[in-house]
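Source file: run.tsv (TSV, C-alpha atoms and all ligand atoms)
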chain	number	residue	atom	x	y	z
A	1	MET	CA	90.12	138.37	140.72
A	2	LYS	CA	87.57	136.63	142.86
A	3	THR	CA	85.91	133.67	141.13
A	4	PHE	CA	83.08	131.30	141.96
A	5	THR	CA	81.43	128.29	140.36
A	6	MET	CA	78.21	129.59	138.88
A	7	PRO	CA	75.37	127.56	140.37
A	8	GLY	CA	73.75	125.31	137.77
A	9	THR	CA	76.96	125.18	135.72
A	10	ARG	CA	80.56	124.07	135.99
A	11	ILE	CA	81.74	127.51	134.90
A	12	VAL	CA	84.29	129.04	137.25
A	13	ALA	CA	83.42	132.67	136.67
A	14	PRO	CA	84.96	135.97	137.77
A	15	ASN	CA	82.74	138.37	139.71
A	16	VAL	CA	83.68	141.17	137.31
A	17	VAL	CA	82.97	140.51	133.62
A	18	LEU	CA	83.27	142.52	130.42
A	19	GLY	CA	80.23	143.64	128.42
A	20	LEU	CA	80.82	144.41	124.74
A	21	MET	CA	77.78	146.56	124.03
A	22	ARG	CA	79.84	149.61	123.13
A	23	ILE	CA	82.57	148.24	120.82
A	24	ALA	CA	80.82	148.69	117.46
A	25	ASP	CA	83.10	151.51	116.31
A	26	LYS	CA	86.32	150.27	117.90
A	27	THR	CA	89.24	149.15	115.76
A	28	ASP	CA	90.73	145.66	115.88
A	29	ASP	CA	93.62	146.98	117.95
A	30	GLU	CA	91.31	148.73	120.40
A	31	VAL	CA	89.18	145.61	120.87
A	32	ARG	CA	92.29	143.46	121.29
A	33	GLU	CA	93.79	145.80	123.88
A	34	LEU	CA	90.50	145.98	125.78
A	35	VAL	CA	90.18	142.20	125.89
A	36	ARG	CA	93.88	141.66	126.65
A	37	THR	CA	93.61	144.05	129.61
A	38	ALA	CA	90.54	142.23	130.82
A	39	ARG	CA	92.25	138.84	130.52
A	40	ASP	CA	95.31	140.17	132.38
A	41	ALA	CA	92.99	141.26	135.19
A	42	GLY	CA	91.43	137.77	135.36
A	43	ILE	CA	88.29	138.54	133.35
A	44	ASP	CA	87.59	135.60	131.03
A	45	PHE	CA	83.81	136.07	130.81
A	46	PHE	CA	82.30	138.19	128.03
A	47	ASP	CA	78.75	139.47	127.74
A	48	HIS	CA	77.17	140.07	124.34
A	49	ALA	CA	73.72	140.40	122.79
A	50	ASP	CA	72.45	139.96	119.24
A	51	VAL	CA	71.23	143.58	119.28
A	52	TYR	CA	74.49	145.24	120.36
A	53	GLY	CA	75.99	147.32	117.57
A	54	ASN	CA	74.83	149.40	114.65
A	55	GLU	CA	73.55	146.31	112.88
A	56	LEU	CA	72.25	142.97	114.18
A	57	HIS	CA	75.11	140.92	115.71
A	58	GLY	CA	77.44	143.86	115.02
A	59	CYS	CA	79.37	143.84	118.32
A	60	GLU	CA	79.57	140.03	118.38
A	61	ARG	CA	81.10	140.18	114.89
A	62	ARG	CA	83.48	143.01	115.84
A	63	PHE	CA	84.70	140.97	118.83
A	64	ALA	CA	85.33	137.82	116.80
A	65	GLU	CA	86.87	139.62	113.82
A	66	ALA	CA	89.29	141.50	116.03
A	67	LEU	CA	90.29	138.54	118.21
A	68	ARG	CA	90.33	135.65	115.69
A	69	LEU	CA	90.41	133.17	118.54
A	70	THR	CA	92.02	129.78	118.11
A	71	ALA	CA	90.06	126.76	119.36
A	72	SER	CA	92.03	126.66	122.60
A	73	GLN	CA	91.63	130.41	123.14
A	74	ARG	CA	87.89	129.98	122.63
A	75	ASP	CA	87.82	127.13	125.14
A	76	ALA	CA	89.51	129.35	127.72
A	77	ILE	CA	86.70	131.92	127.84
A	78	THR	CA	83.01	132.04	128.64
A	79	LEU	CA	80.80	133.59	125.97
A	80	GLN	CA	77.37	134.78	127.02
A	81	THR	CA	74.88	136.35	124.65
A	82	LYS	CA	71.22	137.36	124.63
A	83	ALA	CA	68.20	137.04	122.38
A	84	GLY	CA	64.61	138.21	122.42
A	85	ILE	CA	64.73	141.89	121.39
A	86	VAL	CA	63.61	142.93	117.92
A	87	ARG	CA	65.02	146.37	117.20
A	88	GLU	CA	62.70	147.24	114.33
A	89	GLY	CA	59.57	148.14	116.22
A	90	PRO	CA	60.90	147.67	118.84
A	91	TYR	CA	59.25	144.65	120.41
A	92	PHE	CA	60.16	141.46	122.22
A	93	ASP	CA	60.01	137.97	120.74
A	94	PHE	CA	60.53	134.73	122.65
A	95	SER	CA	59.05	132.58	119.87
A	96	TYR	CA	60.82	129.36	118.90
A	97	ASP	CA	61.81	130.63	115.47
A	98	HIS	CA	63.16	133.93	116.76
A	99	LEU	CA	65.28	132.33	119.49
A	100	ILE	CA	66.71	129.70	117.13
A	101	ASP	CA	67.47	132.26	114.41
A	102	SER	CA	69.08	134.61	116.89
A	103	VAL	CA	71.39	131.91	118.26
A	104	GLU	CA	72.35	130.79	114.75
A	105	GLY	CA	73.24	134.42	113.98
A	106	SER	CA	75.26	134.77	117.18
A	107	LEU	CA	77.20	131.57	116.48
A	108	ARG	CA	78.12	132.83	113.01
A	109	ALA	CA	79.03	136.31	114.25
A	110	LEU	CA	81.07	135.03	117.20
A	111	ARG	CA	82.71	132.37	114.98
A	112	THR	CA	82.07	129.66	117.51
A	113	ASP	CA	80.12	126.41	117.64
A	114	ARG	CA	78.53	127.06	121.03
A	115	ILE	CA	77.23	129.75	123.34
A	116	ASP	CA	78.10	129.09	126.98
A	117	ILE	CA	75.14	131.03	128.40
A	118	LEU	CA	72.11	132.36	126.53
A	119	LEU	CA	69.95	134.98	128.26
A	120	LEU	CA	66.41	136.01	127.36
A	121	HIS	CA	67.07	139.74	127.09
A	122	ARG	CA	63.86	141.45	128.22
A	123	PRO	CA	60.53	139.88	129.19
A	124	ASP	CA	58.21	139.24	126.23
A	125	ALA	CA	54.62	140.07	127.22
A	126	LEU	CA	53.48	137.43	124.71
A	127	VAL	CA	55.79	134.70	126.06
A	128	GLU	CA	54.61	131.13	125.64
A	129	PRO	CA	56.77	129.17	128.07
A	130	GLU	CA	56.29	125.84	126.27
A	131	GLU	CA	57.73	127.40	123.13
A	132	VAL	CA	60.74	128.75	125.03
A	133	ALA	CA	61.19	125.27	126.51
A	134	ARG	CA	61.16	123.69	123.05
A	135	ALA	CA	63.75	126.19	121.81
A	136	PHE	CA	65.97	125.60	124.86
A	137	ASP	CA	65.71	121.80	124.46
A	138	ASP	CA	66.70	121.95	120.80
A	139	LEU	CA	69.53	124.41	121.43
A	140	GLU	CA	70.84	122.26	124.26
A	141	SER	CA	70.55	118.89	122.52
A	142	SER	CA	72.29	120.23	119.41
A	143	GLY	CA	75.13	121.47	121.63
A	144	LYS	CA	74.64	125.05	120.46
A	145	VAL	CA	73.89	126.45	123.93
A	146	ARG	CA	75.23	125.07	127.20
A	147	HIS	CA	73.27	127.07	129.80
A	148	PHE	CA	70.27	129.38	129.92
A	149	GLY	CA	69.30	132.47	131.88
A	150	VAL	CA	67.25	135.64	131.73
A	151	SER	CA	67.65	139.38	132.01
A	152	ASN	CA	65.37	142.04	133.51
A	153	HIS	CA	62.94	139.36	134.69
A	154	THR	CA	60.73	139.41	137.80
A	155	PRO	CA	60.28	136.41	140.12
A	156	GLY	CA	56.85	135.68	138.64
A	157	GLN	CA	58.18	135.78	135.09
A	158	ILE	CA	60.97	133.36	136.04
A	159	ASP	CA	58.54	131.02	137.81
A	160	LEU	CA	56.33	131.00	134.73
A	161	LEU	CA	59.28	129.97	132.56
A	162	ARG	CA	60.45	127.40	135.09
A	163	ARG	CA	57.12	125.59	134.91
A	164	SER	CA	57.98	124.55	131.33
A	165	VAL	CA	61.74	124.94	130.97
A	166	ARG	CA	63.79	121.91	132.14
A	167	GLN	CA	67.20	123.57	132.30
A	168	PRO	CA	68.19	125.63	135.34
A	169	ILE	CA	67.88	129.41	134.92
A	170	VAL	CA	71.44	130.27	135.91
A	171	ALA	CA	71.51	134.07	135.67
A	172	ASN	CA	69.30	137.14	135.78
A	173	GLN	CA	71.00	140.27	134.44
A	174	LEU	CA	69.54	143.36	136.11
A	175	GLN	CA	70.36	147.05	136.16
A	176	LEU	CA	72.29	147.80	139.34
A	177	SER	CA	74.63	150.56	140.48
A	178	VAL	CA	75.00	152.43	143.76
A	179	THR	CA	72.75	155.16	142.30
A	180	HIS	CA	70.23	152.82	140.63
A	181	GLN	CA	69.49	150.05	143.08
A	182	PRO	CA	65.77	149.45	143.61
A	183	ILE	CA	66.49	145.71	143.84
A	184	ILE	CA	68.48	146.35	147.03
A	185	ALA	CA	67.13	149.62	148.46
A	186	GLN	CA	63.48	148.59	148.39
A	187	GLY	CA	64.18	145.86	150.90
A	188	VAL	CA	65.93	148.29	153.25
A	189	ALA	CA	62.85	150.53	153.44
A	190	ALA	CA	60.04	148.00	152.96
A	191	ASN	CA	56.53	148.78	154.11
A	192	MET	CA	57.02	152.52	154.69
A	193	LEU	CA	54.17	154.84	153.76
A	194	ASN	CA	54.92	157.75	151.41
A	195	GLU	CA	58.49	156.56	150.90
A	196	GLN	CA	59.36	156.21	147.23
A	197	GLN	CA	62.20	153.83	148.07
A	198	SER	CA	59.64	151.49	149.60
A	199	ALA	CA	57.81	151.04	146.27
A	200	THR	CA	58.26	147.68	144.62
A	201	LEU	CA	59.59	148.21	141.10
A	202	ASP	CA	60.95	144.74	140.52
A	203	GLY	CA	57.95	142.45	140.81
A	204	GLY	CA	58.81	141.89	144.45
A	205	GLY	CA	62.04	140.75	145.98
A	206	ILE	CA	63.91	139.75	142.83
A	207	LEU	CA	67.28	139.81	144.60
A	208	ASP	CA	66.14	137.50	147.40
A	209	TYR	CA	64.35	135.31	144.86
A	210	CYS	CA	67.58	134.92	142.85
A	211	ARG	CA	69.57	134.12	146.00
A	212	LEU	CA	67.01	131.56	147.12
A	213	ASN	CA	66.98	129.91	143.69
A	214	ASP	CA	70.73	129.93	142.96
A	215	ILE	CA	70.37	132.40	140.11
A	216	THR	CA	73.43	134.60	139.66
A	217	VAL	CA	72.53	138.29	139.48
A	218	GLN	CA	74.60	140.14	136.88
A	219	ALA	CA	74.68	143.91	137.43
A	220	TRP	CA	74.46	145.90	134.20
A	221	SER	CA	75.29	149.62	133.91
A	222	PRO	CA	77.28	149.48	137.16
A	223	PHE	CA	78.58	153.05	136.76
A	224	GLN	CA	75.62	154.71	135.08
A	225	ALA	CA	73.67	157.13	137.29
A	226	GLY	CA	70.36	156.01	135.77
A	227	PHE	CA	69.16	154.61	132.46
A	228	PHE	CA	72.08	155.37	130.07
A	229	ASN	CA	72.31	158.99	131.30
A	230	GLY	CA	76.03	159.12	132.05
A	231	THR	CA	78.20	157.93	134.87
A	232	PHE	CA	77.88	159.14	138.46
A	233	LEU	CA	81.66	158.82	138.85
A	234	GLY	CA	83.09	162.34	138.97
A	235	SER	CA	79.67	163.81	138.15
A	236	PRO	CA	78.84	167.19	139.74
A	237	ASP	CA	75.30	165.86	140.25
A	238	TYR	CA	76.61	163.49	142.95
A	239	PRO	CA	78.99	165.57	145.11
A	240	GLU	CA	78.31	163.70	148.36
A	241	LEU	CA	78.63	160.27	146.77
A	242	ASN	CA	81.85	161.17	144.97
A	243	ALA	CA	83.32	162.61	148.17
A	244	VAL	CA	82.73	159.28	149.93
A	245	ILE	CA	83.99	157.28	146.94
A	246	ASP	CA	87.16	159.40	146.75
A	247	ARG	CA	87.83	159.09	150.48
A	248	LEU	CA	87.40	155.31	150.39
A	249	ALA	CA	89.52	155.09	147.22
A	250	ALA	CA	92.34	156.87	149.04
A	251	ARG	CA	91.94	154.63	152.10
A	252	TYR	CA	91.96	151.39	150.11
A	253	GLN	CA	94.51	152.74	147.61
A	254	VAL	CA	92.44	151.91	144.56
A	255	PRO	CA	90.86	154.06	141.83
A	256	ALA	CA	87.34	155.43	142.39
A	257	ILE	CA	85.88	152.98	139.88
A	258	ALA	CA	87.05	150.09	142.11
A	259	ILE	CA	84.97	151.46	144.99
A	260	ALA	CA	81.87	151.58	142.76
A	261	THR	CA	82.62	148.01	141.66
A	262	GLY	CA	83.36	146.84	145.19
A	263	TRP	CA	80.05	148.20	146.43
A	264	ILE	CA	78.40	145.52	144.25
A	265	THR	CA	80.89	142.67	144.77
A	266	ARG	CA	80.81	143.23	148.57
A	267	HIS	CA	77.16	142.17	148.57
A	268	PRO	CA	76.97	138.54	149.71
A	269	ALA	CA	74.65	137.54	146.83
A	270	ARG	CA	77.77	136.74	144.75
A	271	MET	CA	76.74	139.04	141.95
A	272	GLN	CA	78.74	139.69	138.81
A	273	VAL	CA	79.51	143.25	137.72
A	274	VAL	CA	79.10	143.66	133.94
A	275	LEU	CA	81.51	146.41	132.87
A	276	GLY	CA	80.59	148.44	129.80
A	277	THR	CA	83.63	150.67	129.53
A	278	THR	CA	85.77	150.50	126.41
A	279	SER	CA	88.75	151.97	128.24
A	280	PRO	CA	91.45	149.44	129.24
A	281	ASP	CA	92.49	151.65	132.18
A	282	ARG	CA	88.96	151.63	133.54
A	283	VAL	CA	88.73	147.86	133.12
A	284	SER	CA	91.87	147.28	135.17
A	285	GLY	CA	90.72	149.87	137.72
A	286	ALA	CA	87.30	148.25	138.07
A	287	ALA	CA	88.90	144.80	138.43
A	288	GLN	CA	90.57	146.06	141.60
A	289	GLY	CA	87.09	146.19	143.13
A	290	SER	CA	86.59	142.44	142.73
A	291	ASP	CA	87.58	141.51	146.25
A	292	LEU	CA	87.64	144.83	148.09
A	293	PRO	CA	87.05	144.33	151.82
A	294	LEU	CA	84.54	147.18	152.24
A	295	THR	CA	83.17	147.18	155.76
A	296	ARG	CA	79.45	147.24	156.49
A	297	ALA	CA	79.89	150.87	157.56
A	298	ASP	CA	81.61	151.70	154.23
A	299	TRP	CA	78.91	149.92	152.24
A	300	TYR	CA	76.05	151.69	154.00
A	301	GLU	CA	77.81	155.04	153.81
A	302	LEU	CA	77.92	154.68	150.01
A	303	PHE	CA	74.26	153.57	150.05
A	304	ARG	CA	73.26	156.72	152.00
A	305	ALA	CA	75.53	159.06	150.06
A	306	ALA	CA	73.80	157.93	146.85
A	307	GLY	CA	70.56	159.28	148.33
A	308	HIS	CA	69.05	156.14	149.81
A	309	ARG	CA	67.38	156.01	153.15
A	310	VAL	CA	68.26	153.84	156.11
A	311	PRO	CA	65.09	154.18	158.18
B	1	LIG	N1	70.70	143.11	130.07
B	1	LIG	C1	70.46	144.36	129.73
B	1	LIG	O1	69.31	144.77	129.53
B	1	LIG	C2	71.63	145.28	129.55
B	1	LIG	C3	71.41	146.66	129.33
B	1	LIG	C4	72.54	147.47	129.19
B	1	LIG	C5	73.81	146.94	129.27
B	1	LIG	N2	73.98	145.60	129.45
B	1	LIG	C6	75.33	145.00	129.56
B	1	LIG	O2	76.01	145.66	130.59
B	1	LIG	C7	77.24	146.20	130.11
B	1	LIG	C8	77.52	147.46	130.85
B	1	LIG	O3	76.54	148.46	130.57
B	1	LIG	P1	76.97	149.99	130.44
B	1	LIG	O4	77.96	150.15	129.37
B	1	LIG	O5	75.71	150.78	130.37
B	1	LIG	O6	77.66	150.18	131.87
B	1	LIG	P2	78.74	151.11	132.55
B	1	LIG	O7	79.98	150.34	132.69
B	1	LIG	O8	78.07	151.61	133.78
B	1	LIG	O9	78.95	152.36	131.58
B	1	LIG	C9	80.02	152.44	130.68
B	1	LIG	C10	79.89	153.71	129.90
B	1	LIG	O10	80.14	154.82	130.77
B	1	LIG	C11	81.21	155.58	130.23
B	1	LIG	N3	82.00	156.22	131.28
B	1	LIG	C12	82.28	157.54	131.35
B	1	LIG	N4	83.00	157.81	132.42
B	1	LIG	C13	83.21	156.65	133.05
B	1	LIG	C14	83.91	156.30	134.23
B	1	LIG	N5	84.55	157.21	134.97
B	1	LIG	N6	83.93	155.02	134.59
B	1	LIG	C15	83.28	154.08	133.85
B	1	LIG	N7	82.60	154.36	132.73
B	1	LIG	C16	82.56	155.63	132.32
B	1	LIG	C17	82.02	154.58	129.43
B	1	LIG	O11	82.83	155.28	128.50
B	1	LIG	P3	84.26	154.67	128.07
B	1	LIG	O12	83.96	153.52	127.19
B	1	LIG	O13	84.89	155.81	127.34
B	1	LIG	O14	84.98	154.30	129.33
B	1	LIG	C18	80.92	153.78	128.78
B	1	LIG	O15	80.35	154.51	127.69
B	1	LIG	C19	77.05	146.33	128.60
B	1	LIG	O16	78.26	146.27	127.87
B	1	LIG	C20	76.19	145.14	128.30
B	1	LIG	O17	77.02	144.00	128.17
B	1	LIG	C21	72.92	144.77	129.61

Would you put the structure from the file into structure tokens?
Amino acid sequence: MKTFTMPGTRIVAPNVVLGLMRIADKTDDEVRELVRTARDAGIDFFDHADVYGNELHGCERRFAEALRLTASQRDAITLQTKAGIVREGPYFDFSYDHLIDSVEGSLRALRTDRIDILLLHRPDALVEPEEVARAFDDLESSGKVRHFGVSNHTPGQIDLLRRSVRQPIVANQLQLSVTHQPIIAQGVAANMLNEQQSATLDGGGILDYCRLNDITVQAWSPFQAGFFNGTFLGSPDYPELNAVIDRLAARYQVPAIAIATGWITRHPARMQVVLGTTSPDRVSGAAQGSDLPLTRADWYELFRAAGHRVP
């Protein structure tokens, strides 16, 4: 497993991590096997959110109940969670009280005394950066949160936060897969008339912004074709892409899921792939994509086979 020191932290992190959004209905044994497989593959970084699960903090609780980590086992992993979504509504809430309450709930559910990284889950249109800054300061000084980041944020939204927030924004979690990649594909076809790929969907250059500002991009839904509409892997809707994936999988002697993972890890931005599968086999298969030496030609072939244009 390829690792790197996350800028703005001392965390030595793997470039493939495990998301726990889908474990609400898994048994203790299933959660333990999933996490054990991840750990065996070198994945010691786990992504949560207060809203994952059937009830608030449900998946965080499921994780902690199943694992019952000792203090030293807890110290050996990185726990990341998110706050800022209110499900009843729904709406977004970056107010001081909401952020503090959410972290308190996550600490209880995860049975830990600290969150390693807290992300603001989705931009709150009513954000008051000074209030976020006050929440971050209190969470940091009380030792409850070590590092802070965002998710689904544009460069402008991050700059607005950074004017008030003292702590470095260490991560921006963004949707990214070979089939859903406006943050990459837009830059390949910039400034072309009548070309949908040329349209800026991300507030303008979010990937370059994150690279320039040492913000680690974390790719969520790495195997989903679009927005939670099923995987492209093996899907009859993507015959050309799957043909290329299968050919490269045979050449590199890895499962297809490793090629889809490697397409993201091959990018020099040092992104992290956030796996959402609950299948141990798929976790170990995806981990094989951590350090896959895809060539430029391979990478662009996958890019084109997913329907993107190289002008
Ligand atoms: N920041 C955000 O806004 C945001 C949004 C969404 C997700 N996330 C994070 O990102 C993580 C990943 O998201 P995701 O679960 O949507 O991503 P994903 O890994 O692309 O999708 C996993 C889902 O696809 C299914 N699947 C079916 N066939 C598959 C195959 N051949 N290979 C892999 N998966 C297959 C999996 O089922 P099985 O379980 O049966 O394998 C699982 O339900 C989440 O756990 C969460 O931590 C963040």

Selected residue, from A:Ala286, A:Leu18, A:Ala125, A:Ile117, that lies nearest to Tyr91 in chain A when counting all atoms listed in the file =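 Of the candidates, the smallest distance to Tyr91 in chain A is held by A:Ala125.
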
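Within a radius of 8 Å around (77.0, 133.7, 146.7), the polymer residues are Arg211, Thr216, Pro268, Ala269, Arg270 and Met271 of chain A, counting only C-alpha atoms.
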
With only C-alpha atoms counted and 10 Å as the cut-off, give the residues of range 167-253 of chain A in contact with range 291-310 of chain A, each with its shortest interatomic distance in Å and the pair that gives it, as JSON lines.
{"residue": "A:Ser177", "atom": "CA", "partner": "A:Ala306", "partner_atom": "CA", "distance": 9.8}
{"residue": "A:Val178", "atom": "CA", "partner": "A:Ala306", "partner_atom": "CA", "distance": 6.4}
{"residue": "A:Thr179", "atom": "CA", "partner": "A:Ala306", "partner_atom": "CA", "distance": 5.4}
{"residue": "A:His180", "atom": "CA", "partner": "A:Ala306", "partner_atom": "CA", "distance": 8.8}
{"residue": "A:Gln181", "atom": "CA", "partner": "A:His308", "partner_atom": "CA", "distance": 9.1}
{"residue": "A:Pro182", "atom": "CA", "partner": "A:His308", "partner_atom": "CA", "distance": 9.7}
{"residue": "A:Ile184", "atom": "CA", "partner": "A:Phe303", "partner_atom": "CA", "distance": 9.7}
{"residue": "A:Ala185", "atom": "CA", "partner": "A:His308", "partner_atom": "CA", "distance": 6.9}
{"residue": "A:Gln186", "atom": "CA", "partner": "A:His308", "partner_atom": "CA", "distance": 9.5}
{"residue": "A:Val188", "atom": "CA", "partner": "A:Val310", "partner_atom": "CA", "distance": 6.7}
{"residue": "A:Ala189", "atom": "CA", "partner": "A:Val310", "partner_atom": "CA", "distance": 6.9}
{"residue": "A:Glu195", "atom": "CA", "partner": "A:Arg309", "partner_atom": "CA", "distance": 9.2}
{"residue": "A:Gln196", "atom": "CA", "partner": "A:Arg309", "partner_atom": "CA", "distance": 10.0}
{"residue": "A:Gln197", "atom": "CA", "partner": "A:His308", "partner_atom": "CA", "distance": 7.4}
{"residue": "A:Ser198", "atom": "CA", "partner": "A:Arg309", "partner_atom": "CA", "distance": 9.6}
{"residue": "A:Ala225", "atom": "CA", "partner": "A:Ala306", "partner_atom": "CA", "distance": 9.6}
{"residue": "A:Phe232", "atom": "CA", "partner": "A:Ala306", "partner_atom": "CA", "distance": 9.4}
{"residue": "A:Tyr238", "atom": "CA", "partner": "A:Ala306", "partner_atom": "CA", "distance": 7.3}
{"residue": "A:Pro239", "atom": "CA", "partner": "A:Ala305", "partner_atom": "CA", "distance": 8.9}
{"residue": "A:Glu240", "atom": "CA", "partner": "A:Ala305", "partner_atom": "CA", "distance": 5.7}
{"residue": "A:Leu241", "atom": "CA", "partner": "A:Ala305", "partner_atom": "CA", "distance": 4.7}
{"residue": "A:Asn242", "atom": "CA", "partner": "A:Ala305", "partner_atom": "CA", "distance": 8.4}
{"residue": "A:Ala243", "atom": "CA", "partner": "A:Ala305", "partner_atom": "CA", "distance": 8.8}
{"residue": "A:Val244", "atom": "CA", "partner": "A:Leu302", "partner_atom": "CA", "distance": 6.7}
{"residue": "A:Ile245", "atom": "CA", "partner": "A:Leu302", "partner_atom": "CA", "distance": 7.3}
{"residue": "A:Leu248", "atom": "CA", "partner": "A:Asp298", "partner_atom": "CA", "distance": 7.8}
{"residue": "A:Tyr252", "atom": "CA", "partner": "A:Leu292", "partner_atom": "CA", "distance": 8.1}

Enclose the full set of atoms of ligand LIG 1 (chain B) listed in the file within a box whose edges lie along x, y and z, apply 5 Å of padding to each of the six sides, and report centre and edge lengths in Å to one decimal as lines of an AutoDock Vina configuration file.
center_x = 77.1
center_y = 150.5
center_z = 131.1
size_x = 25.7
size_y = 24.7
size_z = 17.8

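The list of residues with at least one atom within 9 Å of range 35-40 of chain A, based on only C-alpha atoms and without residues fewer than 3 positions apart in the same chain, reads Val17, Leu18, Glu30, Val31, Arg32, Ile43, Asp44, Phe45, Leu67, Pro280, Asp281, Val283, Ser284 and Ala287 of chain A.
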
Ligand LIG 1 (chain B) neighbours within 7 Å using all atoms listed in the file, as an NGL selection string = :A and (18-22 or 47-48 or 121-122 or 151-152 or 173-175 or 220-224 or 228 or 230-231 or 233-234 or 257 or 274-279 or 282)

Please produce a file of those selected residues containing C-alpha atoms, as a PDB file, in the frame of the given file.
ATOM      1  CA  LEU A  18      83.270 142.520 130.420  1.00  0.00           C
ATOM      2  CA  GLY A  19      80.230 143.640 128.420  1.00  0.00           C
ATOM      3  CA  LEU A  20      80.820 144.410 124.740  1.00  0.00           C
ATOM      4  CA  MET A  21      77.780 146.560 124.030  1.00  0.00           C
ATOM      5  CA  ARG A  22      79.840 149.610 123.130  1.00  0.00           C
ATOM      6  CA  ASP A  47      78.750 139.470 127.740  1.00  0.00           C
ATOM      7  CA  HIS A  48      77.170 140.070 124.340  1.00  0.00           C
ATOM      8  CA  HIS A 121      67.070 139.740 127.090  1.00  0.00           C
ATOM      9  CA  ARG A 122      63.860 141.450 128.220  1.00  0.00           C
ATOM     10  CA  SER A 151      67.650 139.380 132.010  1.00  0.00           C
ATOM     11  CA  ASN A 152      65.370 142.040 133.510  1.00  0.00           C
ATOM     12  CA  GLN A 173      71.000 140.270 134.440  1.00  0.00           C
ATOM     13  CA  LEU A 174      69.540 143.360 136.110  1.00  0.00           C
ATOM     14  CA  GLN A 175      70.360 147.050 136.160  1.00  0.00           C
ATOM     15  CA  TRP A 220      74.460 145.900 134.200  1.00  0.00           C
ATOM     16  CA  SER A 221      75.290 149.620 133.910  1.00  0.00           C
ATOM     17  CA  PRO A 222      77.280 149.480 137.160  1.00  0.00           C
ATOM     18  CA  PHE A 223      78.580 153.050 136.760  1.00  0.00           C
ATOM     19  CA  GLN A 224      75.620 154.710 135.080  1.00  0.00           C
ATOM     20  CA  PHE A 228      72.080 155.370 130.070  1.00  0.00           C
ATOM     21  CA  GLY A 230      76.030 159.120 132.050  1.00  0.00           C
ATOM     22  CA  THR A 231      78.200 157.930 134.870  1.00  0.00           C
ATOM     23  CA  LEU A 233      81.660 158.820 138.850  1.00  0.00           C
ATOM     24  CA  GLY A 234      83.090 162.340 138.970  1.00  0.00           C
ATOM     25  CA  ILE A 257      85.880 152.980 139.880  1.00  0.00           C
ATOM     26  CA  VAL A 274      79.100 143.660 133.940  1.00  0.00           C
ATOM     27  CA  LEU A 275      81.510 146.410 132.870  1.00  0.00           C
ATOM     28  CA  GLY A 276      80.590 148.440 129.800  1.00  0.00           C
ATOM     29  CA  THR A 277      83.630 150.670 129.530  1.00  0.00           C
ATOM     30  CA  THR A 278      85.770 150.500 126.410  1.00  0.00           C
ATOM     31  CA  SER A 279      88.750 151.970 128.240  1.00  0.00           C
ATOM     32  CA  ARG A 282      88.960 151.630 133.540  1.00  0.00           C
TER      33      ARG A 282
END

Residues within 7 Å of Thr3 in chain A, all atoms listed in the file, excluding chain neighbours under 4 positions, as a ChimeraX atom specification = /A:12-15

Rounded to one decimal place, report the CA of Ala41 in chain A-CA of Gln218 in chain A distance in Å.
->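 Interatomic distance here is 18.5 Å.
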
Just the residues within 7 Å of range 155-168 of chain A, please, counting only C-alpha atoms, with nothing from its chain fewer than 6 positions along; format it as a PyMOL selection string.
-> chain A and resi 8+129-130+133+148+203+206+209

Take CA of His147 in chain A and CA of Asp116 in chain A and report the distance between them in Å, one decimal.
-> 5.9 Å

Separation of CA of Asp28 in chain A and CA of Leu110 in chain A, in Å?
-> 14.4 Å

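Each of A:Thr200, A:Met6, A:Val51, A:Thr70 was compared to Gly149 in chain A using only C-alpha atoms, and A:Met6 turns out to be the nearest.
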
Repaired coordinates for range 221-227 of chain A (N, CA, C and O atoms) as an mmCIF file, in the frame of the given file:
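Writing done, so here's out_21.cif:
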data_model
loop_
_atom_site.group_PDB
_atom_site.id
_atom_site.type_symbol
_atom_site.label_atom_id
_atom_site.label_comp_id
_atom_site.auth_asym_id
_atom_site.auth_seq_id
_atom_site.Cartn_x
_atom_site.Cartn_y
_atom_site.Cartn_z
ATOM 1 N N SER A 221 75.130 148.165 133.689
ATOM 2 C CA SER A 221 75.290 149.620 133.910
ATOM 3 C C SER A 221 75.758 149.924 135.336
ATOM 4 O O SER A 221 75.164 150.763 136.023
ATOM 5 N N PRO A 222 76.851 149.300 135.772
ATOM 6 C CA PRO A 222 77.280 149.480 137.160
ATOM 7 C C PRO A 222 77.781 150.878 137.502
ATOM 8 O O PRO A 222 77.872 151.219 138.681
ATOM 9 N N PHE A 223 78.082 151.694 136.479
ATOM 10 C CA PHE A 223 78.580 153.050 136.760
ATOM 11 C C PHE A 223 77.672 154.136 136.200
ATOM 12 O O PHE A 223 77.998 155.316 136.284
ATOM 13 N N GLN A 224 76.549 153.716 135.597
ATOM 14 C CA GLN A 224 75.620 154.710 135.080
ATOM 15 C C GLN A 224 74.749 155.214 136.230
ATOM 16 O O GLN A 224 74.290 154.438 137.073
ATOM 17 N N ALA A 225 74.501 156.548 136.227
ATOM 18 C CA ALA A 225 73.670 157.130 137.290
ATOM 19 C C ALA A 225 72.249 156.567 137.195
ATOM 20 O O ALA A 225 71.649 156.209 138.208
ATOM 21 N N GLY A 226 71.721 156.522 135.974
ATOM 22 C CA GLY A 226 70.360 156.010 135.770
ATOM 23 C C GLY A 226 70.335 155.178 134.506
ATOM 24 O O GLY A 226 71.251 154.382 134.270
ATOM 25 N N PHE A 227 69.313 155.408 133.679
ATOM 26 C CA PHE A 227 69.160 154.610 132.460
ATOM 27 C C PHE A 227 69.943 155.276 131.331
ATOM 28 O O PHE A 227 69.447 156.182 130.668
#
